[in-house]
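Peer 1: Just so it is clear, I am handing over run-v8.txt, which has compact mmCIF, C-alpha atoms.
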# COMPACT_ATOMS: atom_id res chain seq x y z
CA MET A 1 -9.03 -10.10 -58.96
CA PHE A 2 -6.47 -11.83 -56.86
CA THR A 3 -6.21 -8.77 -54.61
CA LEU A 4 -9.93 -8.69 -54.12
CA ILE A 5 -10.04 -12.30 -52.95
CA LYS A 6 -7.18 -11.63 -50.57
CA THR A 7 -8.97 -8.63 -49.10
CA GLN A 8 -12.16 -10.60 -48.69
CA LYS A 9 -10.30 -13.37 -46.93
CA TYR A 10 -8.67 -10.82 -44.63
CA SER A 11 -11.98 -9.14 -43.85
CA ALA A 12 -13.51 -12.49 -43.04
CA ILE A 13 -10.75 -13.21 -40.56
CA VAL A 14 -11.07 -9.79 -38.95
CA PHE A 15 -14.82 -10.27 -38.74
CA ALA A 16 -14.41 -13.70 -37.18
CA ILE A 17 -11.94 -12.37 -34.61
CA SER A 18 -14.11 -9.44 -33.61
CA PHE A 19 -17.15 -11.68 -33.44
CA LEU A 20 -15.28 -14.08 -31.18
CA PHE A 21 -14.08 -11.24 -29.00
CA LEU A 22 -17.51 -9.69 -28.67
CA THR A 23 -19.31 -12.93 -27.90
CA ASN A 24 -16.63 -14.22 -25.59
CA PHE A 25 -18.29 -12.47 -22.67
CA THR A 26 -21.22 -10.24 -23.39
CA LEU A 27 -21.26 -7.56 -20.82
CA GLY A 28 -24.55 -6.53 -19.43
CA GLN A 29 -22.50 -5.06 -16.65
CA ASP A 30 -23.71 -2.65 -14.07
CA GLN A 31 -22.82 -1.76 -10.53
CA LYS A 32 -25.50 -1.41 -7.91
CA GLU A 33 -25.77 -1.17 -4.17
CA THR A 34 -28.58 -3.64 -3.67
CA SER A 35 -28.42 -7.38 -3.81
CA ALA A 36 -31.14 -9.32 -5.61
CA ALA A 37 -30.15 -12.92 -6.11
CA SER A 38 -32.72 -14.55 -8.35
CA PRO A 39 -32.95 -18.03 -9.86
CA GLY A 40 -30.53 -18.49 -12.75
CA HIS A 41 -28.54 -15.59 -11.40
CA ASN A 42 -25.19 -16.67 -10.04
CA GLN A 43 -23.67 -14.77 -7.19
CA ILE A 44 -20.06 -14.60 -6.04
CA VAL A 45 -19.63 -13.09 -2.59
CA ILE A 46 -16.45 -11.20 -1.79
CA LYS A 47 -15.77 -11.61 1.91
CA ASP A 48 -12.59 -11.67 3.97
CA PHE A 49 -10.45 -10.96 0.89
CA ASP A 50 -11.76 -14.03 -0.89
CA PHE A 51 -14.14 -14.91 -3.73
CA SER A 52 -16.80 -17.42 -2.74
CA PRO A 53 -17.31 -19.78 -4.43
CA LYS A 54 -13.73 -19.83 -5.71
CA THR A 55 -14.88 -21.63 -8.86
CA LEU A 56 -18.32 -21.01 -10.28
CA THR A 57 -19.82 -23.05 -13.09
CA VAL A 58 -22.52 -21.38 -15.16
CA LYS A 59 -24.33 -21.86 -18.46
CA SER A 60 -23.58 -19.60 -21.38
CA GLY A 61 -25.97 -16.64 -21.34
CA GLU A 62 -26.45 -16.64 -17.57
CA LYS A 63 -25.68 -13.64 -15.45
CA ILE A 64 -22.95 -13.58 -12.83
CA THR A 65 -22.91 -11.01 -10.05
CA TRP A 66 -20.12 -10.25 -7.62
CA ILE A 67 -21.05 -8.50 -4.39
CA ASN A 68 -18.49 -7.01 -2.03
CA ARG A 69 -19.19 -7.69 1.66
CA ASP A 70 -15.83 -6.39 2.92
CA ASP A 71 -15.07 -2.96 4.41
CA GLU A 72 -12.39 -2.75 1.76
CA PRO A 73 -12.72 -2.00 -1.97
CA HIS A 74 -12.13 -4.85 -4.39
CA THR A 75 -12.12 -5.24 -8.16
CA VAL A 76 -12.92 -8.05 -10.59
CA VAL A 77 -10.39 -8.24 -13.43
CA SER A 78 -10.05 -10.96 -16.06
CA VAL A 79 -6.48 -12.32 -16.06
CA GLU A 80 -6.52 -12.70 -19.86
CA LYS A 81 -8.55 -9.51 -20.35
CA GLN A 82 -11.48 -11.63 -21.59
CA PHE A 83 -14.07 -9.32 -20.10
CA LYS A 84 -14.17 -5.70 -19.09
CA LYS A 85 -12.90 -5.09 -15.58
CA SER A 86 -15.07 -3.67 -12.84
CA THR A 87 -14.33 -0.37 -11.21
CA ALA A 88 -13.45 -0.51 -7.52
CA LEU A 89 -16.43 -1.96 -5.65
CA ASP A 90 -17.06 -0.40 -2.28
CA THR A 91 -18.90 -2.23 0.51
CA ASP A 92 -22.19 -3.80 -0.74
CA GLN A 93 -21.58 -2.76 -4.34
CA GLU A 94 -22.19 -5.23 -7.15
CA PHE A 95 -20.75 -6.00 -10.55
CA THR A 96 -22.64 -8.09 -13.12
CA ILE A 97 -21.63 -9.71 -16.38
CA THR A 98 -23.32 -12.16 -18.74
CA ALA A 99 -21.43 -15.35 -19.49
CA GLY A 100 -20.52 -15.76 -23.14
CA ALA A 101 -18.73 -18.56 -24.97
CA PRO A 102 -18.02 -21.82 -23.11
CA GLY A 103 -14.59 -21.96 -21.51
CA THR A 104 -12.63 -21.34 -18.33
CA TYR A 105 -12.09 -17.76 -17.24
CA THR A 106 -9.76 -16.78 -14.42
CA TYR A 107 -10.01 -13.42 -12.70
CA PHE A 108 -8.46 -11.58 -9.74
CA CYS A 109 -8.74 -8.45 -7.63
CA SER A 110 -6.23 -5.94 -9.01
CA VAL A 111 -6.10 -4.20 -5.60
CA HIS A 112 -5.32 -7.41 -3.71
CA PRO A 113 -3.89 -9.72 -6.38
CA LYS A 114 -3.71 -12.67 -3.97
CA MET A 115 -7.47 -12.88 -4.48
CA THR A 116 -8.21 -15.06 -7.50
CA GLY A 117 -11.23 -16.94 -8.82
CA THR A 118 -12.43 -18.99 -11.78
CA ILE A 119 -15.59 -19.09 -13.86
CA VAL A 120 -16.36 -22.16 -15.93
CA VAL A 121 -18.88 -21.48 -18.68
CA GLU A 122 -20.71 -24.48 -20.11
CA LYS A 123 -22.93 -24.73 -23.19
CA SER A 124 -26.48 -23.66 -22.46
CA MET B 1 14.46 -17.35 28.20
CA SER B 2 16.41 -14.94 30.41
CA ASP B 3 17.19 -11.34 29.56
CA TYR B 4 20.95 -11.45 29.19
CA ILE B 5 22.83 -9.89 26.31
CA SER B 6 24.65 -12.36 24.10
CA HIS B 7 26.12 -10.03 21.48
CA ASP B 8 26.55 -6.36 22.21
CA HIS B 9 28.05 -5.16 18.94
CA GLU B 10 27.47 -1.46 19.45
CA HIS B 11 28.21 -1.48 23.20
CA ASP B 12 24.84 0.03 23.84
CA GLY B 13 23.38 -2.56 26.13
CA VAL B 14 21.05 -4.05 23.55
CA ASP B 15 21.70 -7.14 21.49
CA ARG B 16 19.76 -8.27 18.44
CA ARG B 17 17.62 -10.74 20.35
CA GLY B 18 16.81 -8.21 23.03
CA PHE B 19 15.96 -5.72 20.35
CA LEU B 20 13.64 -8.11 18.59
CA LYS B 21 12.02 -8.93 21.89
CA CYS B 22 11.26 -5.26 22.39
CA MET B 23 9.76 -5.26 18.93
CA ALA B 24 7.13 -7.63 20.19
CA TRP B 25 5.65 -4.91 22.31
CA ALA B 26 6.36 -2.27 19.70
CA GLY B 27 4.03 -4.23 17.45
CA THR B 28 1.17 -3.67 19.86
CA GLY B 29 1.39 0.08 19.39
CA VAL B 30 3.52 1.03 22.40
CA LEU B 31 5.98 3.79 21.73
CA TRP B 32 9.61 3.13 21.15
CA THR B 33 12.66 4.45 19.45
CA ILE B 34 15.98 3.17 18.27
CA SER B 35 18.96 5.45 17.99
CA GLY B 36 22.22 3.85 17.03
CA GLY B 37 20.82 0.68 18.52
CA VAL B 38 19.63 2.30 21.73
CA LEU B 39 16.02 1.65 22.52
CA VAL B 40 14.06 4.42 24.19
CA SER B 41 10.36 4.60 24.84
CA LYS B 42 8.92 8.11 24.69
CA THR B 43 5.83 9.81 23.42
CA LEU B 44 5.84 13.07 21.51
CA ALA B 45 4.00 14.55 24.51
CA GLN B 46 6.87 13.49 26.78
CA ILE B 47 9.38 15.00 24.41
CA ALA B 48 7.41 18.25 24.43
CA LYS B 49 7.40 18.32 28.24
CA ALA B 50 11.12 17.67 28.39
CA GLY B 51 11.70 20.59 26.07
CA GLY B 52 12.51 18.49 23.03
CA SER B 53 15.46 16.68 24.51
CA LEU B 54 15.55 13.66 22.22
CA PRO B 55 18.13 13.26 20.71
CA THR B 56 20.00 16.52 21.20
CA ALA B 57 22.27 16.68 18.17
CA THR B 58 19.90 15.91 15.32
CA ASP B 59 21.06 16.73 11.83
CA LEU B 60 17.79 15.98 10.12
CA SER B 61 14.36 15.16 11.41
CA PHE B 62 11.38 14.20 9.28
CA LEU B 63 8.04 12.61 9.85
CA GLN B 64 6.36 9.64 8.26
CA ILE B 65 2.58 9.69 8.04
CA SER B 66 0.62 6.96 6.34
CA ASP B 67 -2.69 5.40 5.36
CA SER B 68 -5.07 8.32 5.96
CA HIS B 69 -7.88 6.56 4.03
CA ILE B 70 -9.94 9.75 3.73
CA GLY B 71 -13.47 8.69 2.76
CA PHE B 72 -13.54 5.57 4.96
CA SER B 73 -16.50 5.69 7.34
CA LYS B 74 -17.07 2.14 8.52
CA ASP B 75 -17.13 0.83 12.10
CA ALA B 76 -13.35 0.64 12.47
CA ASN B 77 -13.27 4.48 12.44
CA LYS B 78 -16.25 6.59 11.46
CA ASP B 79 -14.23 9.81 11.32
CA VAL B 80 -10.86 9.31 9.69
CA THR B 81 -10.64 13.00 8.77
CA GLU B 82 -10.73 13.86 12.46
CA THR B 83 -7.95 11.41 13.40
CA PHE B 84 -5.87 12.72 10.50
CA LYS B 85 -6.35 16.21 11.94
CA VAL B 86 -5.25 14.98 15.36
CA ALA B 87 -2.08 13.58 13.79
CA LEU B 88 -1.34 16.96 12.22
CA ASP B 89 -2.03 18.68 15.55
CA ARG B 90 0.63 16.43 17.11
CA ILE B 91 3.10 17.47 14.44
CA ASN B 92 2.27 21.14 14.99
CA ALA B 93 2.83 20.70 18.74
CA MET B 94 6.36 19.37 18.32
CA PRO B 95 8.94 21.72 19.86
CA THR B 96 11.16 21.34 16.82
CA PRO B 97 9.07 20.93 13.68
CA PRO B 98 10.21 18.20 11.28
CA SER B 99 11.99 19.35 8.12
CA PHE B 100 9.40 17.63 5.97
CA LEU B 101 6.76 14.90 5.91
CA ILE B 102 6.69 11.68 3.96
CA HIS B 103 3.26 10.22 3.21
CA THR B 104 3.57 6.51 2.43
CA GLY B 105 0.29 6.05 0.58
CA ASP B 106 -3.43 5.44 0.83
CA ILE B 107 -4.34 9.10 1.16
CA THR B 108 -7.88 8.08 0.20
CA GLN B 109 -10.18 5.10 0.57
CA LEU B 110 -11.57 5.06 -2.99
CA SER B 111 -9.37 7.40 -5.10
CA LYS B 112 -12.22 9.90 -5.34
CA PRO B 113 -11.21 13.49 -6.26
CA GLU B 114 -13.28 14.83 -3.34
CA GLU B 115 -11.38 12.56 -0.94
CA PHE B 116 -8.06 13.93 -2.21
CA ASP B 117 -9.53 17.45 -1.88
CA THR B 118 -10.47 16.86 1.76
CA PHE B 119 -6.99 15.54 2.50
CA ASP B 120 -5.33 18.56 0.89
CA GLU B 121 -7.62 20.95 2.73
CA VAL B 122 -6.84 19.39 6.13
CA LEU B 123 -3.13 19.16 5.33
CA LYS B 124 -3.06 22.95 5.00
CA SER B 125 -3.28 23.15 8.80
CA CYS B 126 0.15 21.51 9.10
CA ARG B 127 3.00 23.84 9.97
CA THR B 128 5.39 21.70 7.97
CA LYS B 129 4.68 22.45 4.33
CA ASP B 130 7.14 20.21 2.53
CA VAL B 131 5.53 16.79 1.88
CA PHE B 132 6.80 13.89 -0.24
CA PHE B 133 4.34 11.27 -1.46
CA VAL B 134 4.25 7.71 -2.74
CA PRO B 135 0.91 6.16 -3.76
CA GLY B 136 -0.95 3.32 -2.07
CA GLU B 137 -3.25 0.97 -3.97
CA HIS B 138 -6.27 2.94 -2.67
CA ASP B 139 -4.97 6.05 -4.45
CA VAL B 140 -4.78 4.51 -7.91
CA LEU B 141 -7.95 2.38 -8.03
CA ASN B 142 -9.51 3.35 -11.34
CA ASP B 143 -7.08 5.37 -13.44
CA GLY B 144 -3.70 3.71 -13.02
CA GLY B 145 -2.55 6.57 -10.79
CA LYS B 146 -2.93 9.37 -13.35
CA PHE B 147 -4.77 11.75 -11.01
CA TYR B 148 -2.36 11.02 -8.17
CA ARG B 149 0.74 11.65 -10.31
CA GLU B 150 -0.67 14.94 -11.56
CA ARG B 151 -1.40 16.20 -8.09
CA TYR B 152 1.34 14.79 -5.85
CA LEU B 153 4.31 13.84 -8.00
CA LYS B 154 4.64 16.70 -10.48
CA SER B 155 6.79 18.86 -8.23
CA VAL B 156 9.34 16.06 -7.68
CA GLU B 157 9.60 15.33 -11.41
CA ALA B 158 8.76 11.68 -10.84
CA LYS B 159 9.75 9.12 -13.45
CA GLY B 160 7.66 6.27 -14.90
CA SER B 161 4.64 5.47 -12.75
CA GLY B 162 5.84 7.86 -10.04
CA TRP B 163 9.27 6.99 -8.62
CA TYR B 164 11.89 9.63 -7.74
CA SER B 165 14.79 10.47 -5.47
CA PHE B 166 16.15 13.55 -3.71
CA ASN B 167 18.87 14.54 -1.26
CA LYS B 168 18.52 16.23 2.14
CA ASN B 169 21.40 16.91 4.52
CA GLY B 170 23.55 14.29 2.87
CA VAL B 171 20.84 11.62 3.08
CA HIS B 172 19.63 10.13 -0.21
CA PHE B 173 15.85 9.56 -0.26
CA ILE B 174 14.18 7.22 -2.75
CA GLY B 175 10.39 7.09 -3.27
CA LEU B 176 9.22 3.90 -4.98
CA VAL B 177 5.88 2.74 -6.43
CA ASN B 178 4.85 -0.86 -5.81
CA VAL B 179 1.06 -0.70 -6.15
CA LEU B 180 0.58 -0.63 -9.93
CA ASN B 181 0.27 -3.33 -12.60
CA LEU B 182 -0.11 -6.03 -9.97
CA GLN B 183 -0.26 -9.58 -11.30
CA ALA B 184 -2.90 -12.20 -10.44
CA GLY B 185 -1.80 -14.25 -7.45
CA GLY B 186 1.14 -11.94 -6.76
CA LEU B 187 2.31 -9.31 -4.29
CA GLY B 188 3.32 -5.67 -4.56
CA GLN B 189 5.56 -5.08 -7.55
CA LEU B 190 8.19 -2.57 -8.64
CA GLY B 191 8.69 -3.75 -12.22
CA ASP B 192 11.73 -3.85 -14.49
CA ASP B 193 11.71 -0.17 -15.50
CA GLN B 194 11.75 1.00 -11.90
CA LEU B 195 14.45 -1.50 -10.90
CA GLU B 196 16.62 -0.35 -13.78
CA TRP B 197 16.14 3.27 -12.73
CA LEU B 198 16.98 2.45 -9.11
CA GLU B 199 20.21 0.71 -10.04
CA ALA B 200 21.31 3.76 -12.04
CA ASP B 201 20.09 6.19 -9.38
CA VAL B 202 22.37 4.86 -6.64
CA LYS B 203 25.31 3.91 -8.84
CA GLY B 204 27.31 7.09 -8.31
CA LEU B 205 26.73 7.32 -4.57
CA GLY B 206 29.42 6.58 -2.00
CA ALA B 207 28.77 3.61 0.28
CA ASP B 208 28.75 5.97 3.27
CA THR B 209 25.70 7.86 1.97
CA PRO B 210 22.75 7.12 4.26
CA ILE B 211 19.83 5.81 2.21
CA VAL B 212 16.15 6.12 3.04
CA VAL B 213 13.74 4.18 0.82
CA PHE B 214 10.01 4.71 1.15
CA ALA B 215 7.15 2.88 -0.55
CA HIS B 216 3.62 1.87 0.36
CA ILE B 217 3.64 -1.95 0.50
CA PRO B 218 6.44 -3.39 2.66
CA LEU B 219 9.62 -4.13 0.72
CA TRP B 220 10.15 -7.20 2.89
CA ALA B 221 8.06 -10.34 3.27
CA VAL B 222 5.97 -9.34 6.29
CA TYR B 223 3.19 -11.82 5.53
CA PRO B 224 2.90 -12.85 1.88
CA GLN B 225 -0.28 -14.85 2.58
CA TRP B 226 -2.00 -11.49 3.01
CA GLY B 227 -0.11 -9.87 0.16
CA TRP B 228 2.14 -8.03 2.62
CA GLY B 229 5.31 -8.04 0.59
CA THR B 230 6.78 -7.03 -2.78
CA SER B 231 7.65 -9.74 -5.29
CA ASP B 232 10.78 -8.10 -6.72
CA SER B 233 12.00 -6.21 -3.64
CA GLU B 234 15.01 -8.54 -3.25
CA GLN B 235 16.45 -7.21 -6.47
CA ALA B 236 15.89 -3.62 -5.39
CA LEU B 237 17.53 -4.20 -2.02
CA GLY B 238 20.41 -5.93 -3.79
CA TYR B 239 21.37 -2.56 -5.29
CA LEU B 240 21.48 -1.09 -1.78
CA LYS B 241 23.45 -3.81 0.02
CA ARG B 242 26.79 -1.99 -0.29
CA PHE B 243 25.56 1.03 1.66
CA GLY B 244 26.40 1.38 5.34
CA SER B 245 22.97 2.62 6.39
CA VAL B 246 19.69 1.81 4.67
CA THR B 247 16.33 2.63 6.23
CA VAL B 248 13.22 1.26 4.54
CA LEU B 249 9.94 2.95 5.50
CA ASN B 250 6.61 1.43 4.51
CA GLY B 251 2.91 1.74 5.31
CA HIS B 252 0.03 -0.48 4.12
CA ILE B 253 -0.22 -2.79 7.15
CA HIS B 254 -1.41 -0.17 9.67
CA GLN B 255 0.85 -1.25 12.49
CA VAL B 256 4.44 -0.90 13.65
CA LEU B 257 6.71 -3.75 12.67
CA GLN B 258 10.46 -3.70 12.38
CA LYS B 259 13.20 -5.94 11.12
CA VAL B 260 16.94 -5.33 11.13
CA GLU B 261 19.05 -7.19 8.59
CA GLY B 262 22.70 -6.25 8.40
CA ASN B 263 22.83 -2.52 7.66
CA MET B 264 19.19 -2.41 6.66
CA THR B 265 16.38 -1.40 8.97
CA PHE B 266 12.85 -2.13 7.78
CA HIS B 267 10.05 -0.28 9.49
CA THR B 268 6.30 0.02 8.95
CA ALA B 269 4.22 2.87 10.34
CA MET B 270 0.80 3.05 11.94
CA SER B 271 -2.16 4.45 10.02
CA THR B 272 -4.01 7.60 11.02
CA ALA B 273 -7.31 5.91 10.05
CA PHE B 274 -7.78 2.40 11.46
CA PRO B 275 -5.68 -0.51 12.70
CA GLN B 276 -5.27 -3.82 10.91
CA PRO B 277 -4.73 -7.18 12.59
CA ALA B 278 -1.27 -8.57 13.33
CA PRO B 279 -0.15 -11.00 10.60
CA GLY B 280 -2.25 -14.15 10.56
CA THR B 281 -4.35 -13.29 13.62
CA ALA B 282 -7.62 -12.75 11.73
CA PRO B 283 -9.43 -14.28 8.74
CA SER B 284 -8.32 -11.33 6.60
CA PRO B 285 -6.22 -8.14 6.80
CA GLY B 286 -9.29 -5.86 6.59
CA PRO B 287 -9.96 -2.89 8.91
CA MET B 288 -9.92 -4.01 12.55
CA LYS B 289 -12.62 -2.82 14.91
CA VAL B 290 -11.33 -2.10 18.40
CA PRO B 291 -13.12 -0.54 21.41
CA ALA B 292 -13.58 3.21 20.84
CA GLU B 293 -11.36 4.13 23.78
CA LYS B 294 -8.55 2.02 22.36
CA LEU B 295 -8.66 3.26 18.76
CA ARG B 296 -6.31 6.24 19.03
CA SER B 297 -3.68 4.17 20.80
CA MET B 298 -3.46 2.12 17.60
CA LEU B 299 -3.19 5.07 15.22
CA GLY B 300 -0.12 7.22 14.88
CA LEU B 301 2.91 8.44 13.02
CA ALA B 302 6.66 7.94 12.94
CA ASN B 303 9.33 10.55 13.59
CA VAL B 304 12.66 9.76 11.95
CA GLN B 305 15.90 11.44 12.98
CA TYR B 306 19.28 11.32 11.37
CA ILE B 307 22.41 12.07 13.34
CA GLN B 308 25.60 12.26 11.34
CA GLY B 309 28.05 9.53 12.26
CA LYS B 310 25.37 7.18 13.62
CA THR B 311 24.89 4.03 11.64
CA SER B 312 21.14 3.86 11.93
CA LEU B 313 18.40 6.46 11.92
CA ALA B 314 16.29 6.94 15.05
CA ILE B 315 12.63 6.13 14.55
CA ILE B 316 10.08 7.19 17.15
CA ASP B 317 6.59 5.82 16.72
CA SER B 318 3.94 7.70 18.61
CA ASN B 319 0.24 7.03 18.79
CA LEU B 320 -2.65 9.49 18.87
CA SER B 321 -4.02 8.71 22.34
Let me see the file written as structure tokens.
Peer 2:
Amino acid sequence: MFTLIKTQKYSAIVFAISFLFLTNFTLGQDQKETSAASPGHNQIVIKDFDFSPKTLTVKSGEKITWINRDDEPHTVVSVEKQFKKSTALDTDQEFTITAGAPGTYTYFCSVHPKMTGTIVVEKS
Amino acid sequence: MSDYISHDHEHDGVDRRGFLKCMAWAGTGVLWTISGGVLVSKTLAQIAKAGGSLPTATDLSFLQISDSHIGFSKDANKDVTETFKVALDRINAMPTPPSFLIHTGDITQLSKPEEFDTFDEVLKSCRTKDVFFVPGEHDVLNDGGKFYRERYLKSVEAKGSGWYSFNKNGVHFIGLVNVLNLQAGGLGQLGDDQLEWLEADVKGLGADTPIVVFAHIPLWAVYPQWGWGTSDSEQALGYLKRFGSVTVLNGHIHQVLQKVEGNMTFHTAMSTAFPQPAPGTAPSPGPMKVPAEKLRSMLGLANVQYIQGKTSLAIIDSNLS
């Protein structure tokens, strides 16, 4: 009986952790060549080895798209591994994610680590 | 400032300040060489005409080629495969072929297998068959360098993420990897495992053994604002301080820059693909577009010669124009 309760407790914790992890940043990610900035769709432009804006504030559930305007490949990688990293984005390629739980998320380009940026996710 | 010599340590007519002054024009892509402190300006074409008269008693000659960026097709150079071919043609035209080549990274633009295939196919035209590689960040974009290690570092029995050493004619060569596991906000990085290996690798060597270190990102702080440096290079160089002759060869910045510090000579090579701006002279270090007729004067390779008994190796940068 005691063992059963313990197992249940453990499962609950595991479930809570995985739930947290999954909802942290839901990834509707895709990489495209065309740019289509629409209302409620937040864009970060990569130009001259920089993310612009450096800090972007979005509401939970909104989409964020990075677009590379350099003649040099860049990546988008979460410093704390809070969301899946992009593959190398060539010129005019995009990377999109959907913002999850409120919080502050820092990211960088793993090819040029001097390039860093921040996303602040607020409650929707 | 006048052109007098204040300190002529090697009695060769060139002092440190004069040398550095010459470096200013070296940085613009003009050809130069240093041999035991003697500066000479010659092109490979001139050497060919003179019947290969530079320097006469060479014990070892090898060639550094860098930053081929196969797959790049933007305005800065729409045909990087062609300029890479031209570089190989120059090597094939040398009266005395180099013993081997060193490629200091960025074979490809996007780490695509077909880009590596094109590179390998073109490289077959080179008379010199022995080539030693170290990866650039463009070669390890999506798989942590797995493909690269399999193809280019298997034969040298590389350790860890791809570092290794070998000996040629009494010179100890060390290939290092500083483009993997980079940290947010940081520079190039060697990492603890590689540093530990390096310390052990050189431990048994006599201080009179000439050392040549090659890696992609400069192992000196060229311009950290643009990421042109390696965060833990000081520690690596610390293990090499006791040696009488250390030559550090890097790529990554697509231009010739040199620094001499004690017994260490730091040198960066031109790219065969496209030039990049001088440190701090542009909004970013991205590919630099120059007039078409000027492009090949800003691409090139470096010929390195070792003469026993000389304290420093001779490095001849030549462009592709």
Peer 1: Only residues of chain B matter here; which ones have an atom within 7 Å of chain A, counting only C-alpha atoms? Give them as a PyMOL selection string.
Peer 2: chain B and resi 74+137+141-142+182-187+227+283-284+286-287
Peer 1: Go ahead and save the residues from that selection, with C-alpha atoms, as a PDB file, keeping the file's coordinate frame.
Peer 2:
ATOM      1  CA  LYS B  74     -17.070   2.140   8.520  1.00  0.00           C
ATOM      2  CA  GLU B 137      -3.250   0.970  -3.970  1.00  0.00           C
ATOM      3  CA  LEU B 141      -7.950   2.380  -8.030  1.00  0.00           C
ATOM      4  CA  ASN B 142      -9.510   3.350 -11.340  1.00  0.00           C
ATOM      5  CA  LEU B 182      -0.110  -6.030  -9.970  1.00  0.00           C
ATOM      6  CA  GLN B 183      -0.260  -9.580 -11.300  1.00  0.00           C
ATOM      7  CA  ALA B 184      -2.900 -12.200 -10.440  1.00  0.00           C
ATOM      8  CA  GLY B 185      -1.800 -14.250  -7.450  1.00  0.00           C
ATOM      9  CA  GLY B 186       1.140 -11.940  -6.760  1.00  0.00           C
ATOM     10  CA  LEU B 187       2.310  -9.310  -4.290  1.00  0.00           C
ATOM     11  CA  GLY B 227      -0.110  -9.870   0.160  1.00  0.00           C
ATOM     12  CA  PRO B 283      -9.430 -14.280   8.740  1.00  0.00           C
ATOM     13  CA  SER B 284      -8.320 -11.330   6.600  1.00  0.00           C
ATOM     14  CA  GLY B 286      -9.290  -5.860   6.590  1.00  0.00           C
ATOM     15  CA  PRO B 287      -9.960  -2.890   8.910  1.00  0.00           C
TER      16      PRO B 287
END
Peer 1: If we draw a sphere of 12 Å around (4.7, 19.8, 7.1), which residues have at least one atom in it when counting all atoms listed in the file? Please report them as a ChimeraX atom specification.
Peer 2: /B:61-65,87-94,96-103,120,122-132
Peer 1: Go ahead and compute the interatomic distance for CA of Ile70 in chain B and CA of Gln225 in chain B, in Å to one decimal.
Peer 2: 26.5 Å
Peer 1: Neighbours of Val134 in chain B within 9 Å (all atoms listed in the file; same-chain residues fewer than 4 positions away dropped), as an NGL selection string?
Peer 2: :B and (102-106 or 152-153 or 162-163 or 175-177 or 214-216)
Peer 1: Tell me, in Å to one decimal, how far CA of Ile107 in chain B is from CA of Ala292 in chain B.
Peer 2: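 Separation between CA of Ile107 in chain B and CA of Ala292 in chain B: 22.5 Å.
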Peer 1: Would you mind listing what lies within 12 Å of Leu195 in chain B as an mmCIF file with C-alpha atoms, in the frame of the given file, with all atoms listed in the file counted and same-chain residues fewer than 6 positions away left out?
Peer 2:
data_model
loop_
_atom_site.group_PDB
_atom_site.id
_atom_site.type_symbol
_atom_site.label_atom_id
_atom_site.label_comp_id
_atom_site.auth_asym_id
_atom_site.auth_seq_id
_atom_site.Cartn_x
_atom_site.Cartn_y
_atom_site.Cartn_z
ATOM 1 C CA LYS B 159 9.750 9.120 -13.450
ATOM 2 C CA GLY B 160 7.660 6.270 -14.900
ATOM 3 C CA TRP B 163 9.270 6.990 -8.620
ATOM 4 C CA TYR B 164 11.890 9.630 -7.740
ATOM 5 C CA ILE B 174 14.180 7.220 -2.750
ATOM 6 C CA LEU B 176 9.220 3.900 -4.980
ATOM 7 C CA VAL B 177 5.880 2.740 -6.430
ATOM 8 C CA ASN B 178 4.850 -0.860 -5.810
ATOM 9 C CA GLN B 189 5.560 -5.080 -7.550
ATOM 10 C CA ASP B 201 20.090 6.190 -9.380
ATOM 11 C CA VAL B 202 22.370 4.860 -6.640
ATOM 12 C CA ASP B 232 10.780 -8.100 -6.720
ATOM 13 C CA SER B 233 12.000 -6.210 -3.640
ATOM 14 C CA GLU B 234 15.010 -8.540 -3.250
ATOM 15 C CA GLN B 235 16.450 -7.210 -6.470
ATOM 16 C CA ALA B 236 15.890 -3.620 -5.390
ATOM 17 C CA LEU B 237 17.530 -4.200 -2.020
ATOM 18 C CA GLY B 238 20.410 -5.930 -3.790
ATOM 19 C CA TYR B 239 21.370 -2.560 -5.290
ATOM 20 C CA LEU B 240 21.480 -1.090 -1.780
#
Peer 1: One number please: CA of Thr96 in chain A to CA of Ser111 in chain B, in Å, one decimal.
Peer 2: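 Here the two named atoms are 21.9 Å from each other.
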Peer 1: Rank nothing, just name the residue among A:Thr57, A:Asn68, A:Gln43, A:Ser124 nearest to Glu94 in chain A, using all atoms listed in the file.
Peer 2: A:Asn68
Peer 1: List as number ranges by chain the protein and nucleic acid residues near Val121 in chain A, meaning an atom at most 10 Å away when all atoms listed in the file are counted, but skip any in the same chain fewer than 2 places from it.
Peer 2: A: 25, 56-62, 99-105, 118-119, 123-124
Peer 1: Could you give me, as a PDB file with C-alpha atoms, in the frame of the given file, the residues within 8 Å of His254 in chain B, counting all atoms listed in the file and dropping anything in the same chain fewer than 6 positions from it?
Peer 2:
ATOM      1  CA  ASP B  67      -2.690   5.400   5.360  1.00  0.00           C
ATOM      2  CA  THR B 268       6.300   0.020   8.950  1.00  0.00           C
ATOM      3  CA  ALA B 269       4.220   2.870  10.340  1.00  0.00           C
ATOM      4  CA  MET B 270       0.800   3.050  11.940  1.00  0.00           C
ATOM      5  CA  SER B 271      -2.160   4.450  10.020  1.00  0.00           C
ATOM      6  CA  PHE B 274      -7.780   2.400  11.460  1.00  0.00           C
ATOM      7  CA  PRO B 275      -5.680  -0.510  12.700  1.00  0.00           C
ATOM      8  CA  GLN B 276      -5.270  -3.820  10.910  1.00  0.00           C
ATOM      9  CA  LEU B 299      -3.190   5.070  15.220  1.00  0.00           C
TER      10      LEU B 299
END
Peer 1: Which polymer residues have any atom within 12 Å of an atom of Leu320 in chain B, counting all atoms listed in the file, with same-chain residues fewer than 3 positions away left out, as a ChimeraX atom specification?
Peer 2: /B:29-31,43-45,82-91,270-274,293-302,317
